[in-house]
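Asks: Dumping the structure here so I can ask a few things about it.
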Amino acid sequence: MVERLRRLEEQVARRFDRVGERVLLAPSTSRVLQVLYENRLTHYVFDRLQRARARQYLEQVRHGPMPRHVGIIMDGNRRFAQRLGLDPAAGHVLGRDRLEDVLDWCLELQIRHLTVYAFSTENFQRAHDEVDVLMDLFEANFRKMADDERVHKHKIRVRVLGRVDLLPERVQAAARHAEERTRGYDQFFFQVAVAYGGREELLGAFRTIARKIKENGTKPEDITEEMISAHLYTNGLPDPDLILRTSGEERVSNFLLWQAAYSELYFADVYWPALTKKEFLKALRSYQLRQRRFGQ
């Protein structure tokens with residue numbers, strides 16, 4: 001596992017040394033702009049402008065209502081890698097690095113709840129080699145989180161949402177380790193949806209409630225929204241205020257179907273590994289402006 005991840009990381013590093021770290025390959029980016037990004041001087045100037053604009057957004061966002069809970073559909077890893085001429089699996093390594101950044105941004109802005117869609121139940125149908133790389137990454141990252149100084153400093157509770165029983169035993173063990181090491185923390189909450197499907201989550205909740213009706217005499221009319229929420233993977237968490245999806249696709253793809261009933265949605269036209277702090281802040285600013293418009 002370690003050797004395979006090391007080779008992928010070296011491949012990514014070599015490629016980015018040639019084209020620059022901020023290629024910013026949005027699905028709509030023209031070839032002319034891609035060539036410009038590859039020019040190192042243009043890259044330097046563009047990067048400075050991006051940083052300045054991000055600082056402006058940061059000042060605006062700090063003074064507005066902050067979402068308690070942000071959900072993210074991390075889409076576009078494979079397409080990003082393919083646009084760079086990399087093996088699709090390498091895109092997942094880049095996506096992992098971007099998630100590290102987003103977690104830091106949430107800590108900086110005091111966003112206490114972050115839930116990311118990392119792997120759906122449908123993703124098991126992908127190529128065997130790609131799924132193996134993803135399982136390697138999950139195992140390594142869960143173990144890293146368990147010992148991450150940042151996690152313990154900020155008292156971040158880690159939870160894994162989904163059909164964990166479908167994962168390889170080594171990944172299950174790593175997930176349990178991260179959850180157990182952080183179980184007592186209550187300042188920030190980081191949820192990773194792995195082997196997750198929103199419909200399957202609801203189906204599991206309904207089946208559990210049906211068993212209770214049969215076994216202890218609970219009446220159908222006793223079923224409430226609160227009862228259903230209590231039987232979901234996200235039991236005890238607030239519903240997401242904002243759901244961000246990358247890659248330009250505009251759908252929720254079976255993510256937090258019950259919980260997202262009143263969430264604000266933001267669709268970013270960049271692949272997940274290319275998400276910048278500026279784009280993340282734009283999503284937060286969009287959320288704030290909507291709240292202001294509706295008088296909340």
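Simple scheme: letters A, B, ... for chains in structure tokens order, numbers from 1 for residues in each chain, numbers from 1 for ligands in the order shown.
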Any idea what's packed within 10 Å of A:Leu137, counting only C-alpha atoms, ignoring anything in its chain fewer than 2 positions away? Could you give it as a PDB file with C-alpha atoms, in the first residue's frame?

Replies:
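Final file, out.pdb:
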```
ATOM      1  CA  MET A   1       0.000   0.000   0.000  1.00  0.00           C
ATOM      2  CA  VAL A   2       2.672   2.513   1.011  1.00  0.00           C
ATOM      3  CA  LEU A   5       0.815   5.575  -2.852  1.00  0.00           C
ATOM      4  CA  HIS A  92      -7.568  10.743  -5.816  1.00  0.00           C
ATOM      5  CA  VAL A  93      -4.164  11.560  -4.303  1.00  0.00           C
ATOM      6  CA  ARG A  96      -6.886  13.957  -0.656  1.00  0.00           C
ATOM      7  CA  VAL A 131     -10.934   0.899  -5.978  1.00  0.00           C
ATOM      8  CA  ASP A 132      -7.791  -0.641  -4.465  1.00  0.00           C
ATOM      9  CA  VAL A 133      -6.023   2.725  -4.568  1.00  0.00           C
ATOM     10  CA  LEU A 134      -9.007   4.381  -2.897  1.00  0.00           C
ATOM     11  CA  MET A 135      -9.070   1.742  -0.163  1.00  0.00           C
ATOM     12  CA  GLU A 139      -6.855   3.231   5.334  1.00  0.00           C
ATOM     13  CA  ALA A 140      -3.844   5.554   5.388  1.00  0.00           C
ATOM     14  CA  ASN A 141      -5.911   8.684   5.961  1.00  0.00           C
ATOM     15  CA  PHE A 142      -8.026   7.264   8.775  1.00  0.00           C
ATOM     16  CA  ARG A 143      -4.874   6.173  10.596  1.00  0.00           C
ATOM     17  CA  VAL A 171     -10.141  -0.078   6.202  1.00  0.00           C
TER      18      VAL A 171
END
```

Asks: When DSSP works through the backbone of this structure, what residues of stretch 100-203 of chain A end up as strand (DSSP E), shown as a ChimeraX atom specification?

Replies: /A:113-120,156-161,188-196

Asks: Dump as a Markdown table the rows for residues of stretch 59-110 of chain A within 12 Å of stretch 262-267 of chain A: closest atom pair and distance in Å with one decimal, only C-alpha atoms counted, ordered by chain and rising residue number.

Replies:
```
| residue | atom | partner | partner_atom | distance |
| --- | --- | --- | --- | --- |
| A:Pro67 | CA | A:Glu264 | CA | 10.0 |
| A:Arg68 | CA | A:Ser263 | CA | 11.4 |
| A:His69 | CA | A:Ser263 | CA | 9.7 |
| A:Val70 | CA | A:Ser263 | CA | 9.2 |
| A:Gly71 | CA | A:Ser263 | CA | 9.3 |
| A:Ile72 | CA | A:Tyr266 | CA | 9.6 |
| A:Ile73 | CA | A:Phe267 | CA | 9.6 |
| A:Met74 | CA | A:Phe267 | CA | 10.9 |
| A:Asp75 | CA | A:Phe267 | CA | 10.5 |
```

Asks: Which residues in stretch 65-121 of chain A does DSSP call alpha helix (DSSP H)? List them as a compact mmCIF listing (two decimals) with C-alpha atoms, in the first residue's frame.

Replies:
```txt
# COMPACT_ATOMS: atom_id res chain seq x y z
CA ASN A 77 -10.75 13.67 -9.29
CA ARG A 78 -10.51 11.31 -12.25
CA ARG A 79 -11.31 13.91 -14.90
CA PHE A 80 -8.78 16.31 -13.40
CA ALA A 81 -6.07 13.66 -13.56
CA GLN A 82 -6.96 12.74 -17.14
CA ARG A 83 -6.74 16.38 -18.23
CA PRO A 88 -7.08 8.49 -13.04
CA ALA A 89 -6.11 7.02 -9.67
CA ALA A 90 -3.58 9.83 -9.21
CA GLY A 91 -6.49 12.27 -9.11
CA HIS A 92 -7.57 10.74 -5.82
CA VAL A 93 -4.16 11.56 -4.30
CA LEU A 94 -4.62 15.17 -5.40
CA GLY A 95 -8.15 15.15 -4.03
CA ARG A 96 -6.89 13.96 -0.66
CA ASP A 97 -4.49 16.90 -0.49
CA ARG A 98 -7.29 19.35 -1.32
CA LEU A 99 -9.41 17.92 1.50
CA GLU A 100 -6.58 18.67 3.92
CA ASP A 101 -6.76 22.32 2.80
CA VAL A 102 -10.55 22.51 3.11
CA LEU A 103 -10.41 21.15 6.65
CA ASP A 104 -7.94 23.91 7.52
CA TRP A 105 -10.24 26.54 5.98
CA CYS A 106 -13.17 25.28 8.04
CA LEU A 107 -11.10 25.45 11.21
CA GLU A 108 -10.01 28.98 10.36
CA LEU A 109 -13.62 30.09 9.84
```

Asks: Just the number, please: distance in Å from atom CA of A:Trp272 to atom CA of A:Arg181, one decimal.

Replies: 28.4 Å

Asks: When you draw a straight line from atom CA of A:His113 to atom CA of A:Gln191, how long is it in Å?

Replies: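 Here the two named atoms are 7.9 Å from each other.
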
Asks: Mind checking which residues fall within 12 Å of A:Glu225, counting only C-alpha atoms, ignoring those fewer than 2 positions away in the same chain, and posting them as a list in words?

Replies: Leu202, Ala205, Phe206, Ile209, Glu221, Asp222, Ile223, Met227, Ile228, Ser229, Ala230, His231, Leu232, Trp258, Gln259 and Ala261 of chain A

Asks: Take the residues just selected and output them with N, CA and C atoms as a compact mmCIF listing (two decimals), in the first residue's frame.

Replies:
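What follows is the written file result-v3.txt:
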```txt
# COMPACT_ATOMS: atom_id res chain seq x y z
N LEU A 202 -31.81 5.87 4.15
CA LEU A 202 -33.23 6.00 4.48
C LEU A 202 -33.88 4.63 4.60
N ALA A 205 -33.12 3.15 7.91
CA ALA A 205 -33.87 3.79 8.98
C ALA A 205 -35.31 3.28 9.00
N PHE A 206 -35.93 3.18 7.82
CA PHE A 206 -37.32 2.72 7.75
C PHE A 206 -37.45 1.27 8.22
N ILE A 209 -37.28 1.20 12.03
CA ILE A 209 -38.53 1.69 12.61
C ILE A 209 -39.64 0.65 12.44
N GLU A 221 -48.63 6.21 13.47
CA GLU A 221 -48.84 7.64 13.68
C GLU A 221 -47.86 8.25 14.68
N ASP A 222 -47.11 7.38 15.37
CA ASP A 222 -46.09 7.87 16.30
C ASP A 222 -44.79 8.24 15.58
N ILE A 223 -44.68 7.85 14.31
CA ILE A 223 -43.46 8.13 13.56
C ILE A 223 -43.39 9.63 13.24
N MET A 227 -37.91 11.09 14.74
CA MET A 227 -37.64 9.66 14.87
C MET A 227 -36.83 9.15 13.69
N ILE A 228 -37.21 9.58 12.49
CA ILE A 228 -36.46 9.16 11.31
C ILE A 228 -35.03 9.68 11.37
N SER A 229 -34.86 10.96 11.72
CA SER A 229 -33.52 11.54 11.81
C SER A 229 -32.64 10.79 12.81
N ALA A 230 -33.27 10.31 13.89
CA ALA A 230 -32.52 9.61 14.93
C ALA A 230 -31.99 8.27 14.47
N HIS A 231 -32.52 7.75 13.35
CA HIS A 231 -32.07 6.45 12.85
C HIS A 231 -31.18 6.57 11.61
N LEU A 232 -30.75 7.78 11.31
CA LEU A 232 -29.85 7.99 10.19
C LEU A 232 -28.40 7.95 10.66
N TRP A 258 -32.27 13.11 2.92
CA TRP A 258 -33.19 13.58 3.97
C TRP A 258 -32.66 14.87 4.60
N GLN A 259 -31.38 14.88 4.89
CA GLN A 259 -30.80 16.00 5.64
C GLN A 259 -30.72 17.28 4.81
N ALA A 261 -32.89 18.68 2.87
CA ALA A 261 -34.20 19.20 2.46
C ALA A 261 -34.22 20.73 2.37
```

Asks: Calculated over only C-alpha atoms, which of the candidates A:Phe138, A:Phe189, A:Phe255, A:Tyr287 has the smallest distance to A:Ile111?

Replies: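 The shortest atom-to-atom distance to A:Ile111 comes from A:Phe189.
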
Asks: Of the candidates A:Met66, A:Ala54, A:Leu167, A:Leu237, which one gets nearest to A:Leu284 if we count only C-alpha atoms?

Replies: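 Among the listed residues, A:Met66 lies closest to A:Leu284.
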
Asks: At a cut-off of 9 Å, using only C-alpha atoms, what residues contact A:Gly184? Leave out same-chain residues fewer than 2 positions from it and give the result as a VMD selection string.

Replies: chain A and resid 155 157 180 to 182 186

Asks: Limited to N, CA and C atoms, could you put the picked residues into a file as a short mmCIF file (atom, residue, chain, number, x, y, z; two decimals), in the first residue's frame?

Replies:
```cif
data_model
loop_
_atom_site.label_atom_id
_atom_site.label_comp_id
_atom_site.auth_asym_id
_atom_site.auth_seq_id
_atom_site.Cartn_x
_atom_site.Cartn_y
_atom_site.Cartn_z
N LYS A 155 -9.64 19.35 18.81
CA LYS A 155 -10.66 18.44 19.34
C LYS A 155 -11.73 18.13 18.30
N ARG A 157 -13.89 15.60 16.28
CA ARG A 157 -14.42 14.23 16.32
C ARG A 157 -14.59 13.72 14.89
N GLU A 180 -12.50 5.95 17.51
CA GLU A 180 -12.26 5.71 18.93
C GLU A 180 -11.31 6.74 19.52
N ARG A 181 -10.27 7.12 18.76
CA ARG A 181 -9.31 8.10 19.26
C ARG A 181 -9.92 9.49 19.45
N THR A 182 -11.01 9.78 18.75
CA THR A 182 -11.59 11.13 18.78
C THR A 182 -13.00 11.16 19.38
N ASP A 186 -15.59 17.39 21.03
CA ASP A 186 -16.88 18.01 20.72
C ASP A 186 -16.75 19.46 20.25
#
```

Asks: Which one is closest to A:Tyr233: A:Val252, A:Leu161, A:Ala268, A:Ile213? Count only C-alpha atoms.

Replies: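 Ranking A:Val252, A:Leu161, A:Ala268, A:Ile213 by distance to A:Tyr233, first place goes to A:Leu161.
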
Asks: Let me make sure I understand: among A:Arg245, A:Thr121, A:Leu275, A:Gln110, which one has the smallest atom-to-atom distance to A:Glu201 if we use only C-alpha atoms?

Replies: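 Once distances to A:Glu201 are computed over only C-alpha atoms, the minimum belongs to A:Thr121.
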
Asks: Report, in Å with one decimal, the straight-line distance from atom CA of A:Glu122 to atom CA of A:Asn254.

Replies: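 Computing the Euclidean distance for atom CA of A:Glu122 and atom CA of A:Asn254 yields 10.2 Å.
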
Asks: Rank nothing, just name the residue among A:Tyr271, A:Tyr185, A:Asp241, A:Arg159 nearest to A:Gln291, using only C-alpha atoms.

Replies: A:Asp241

Asks: Which is closest to A:Asp147 among A:Lys277, A:Lys282, A:His177, A:Arg53, if we use only C-alpha atoms?

Replies: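 With only C-alpha atoms as the atom set, the closest residue is A:His177.
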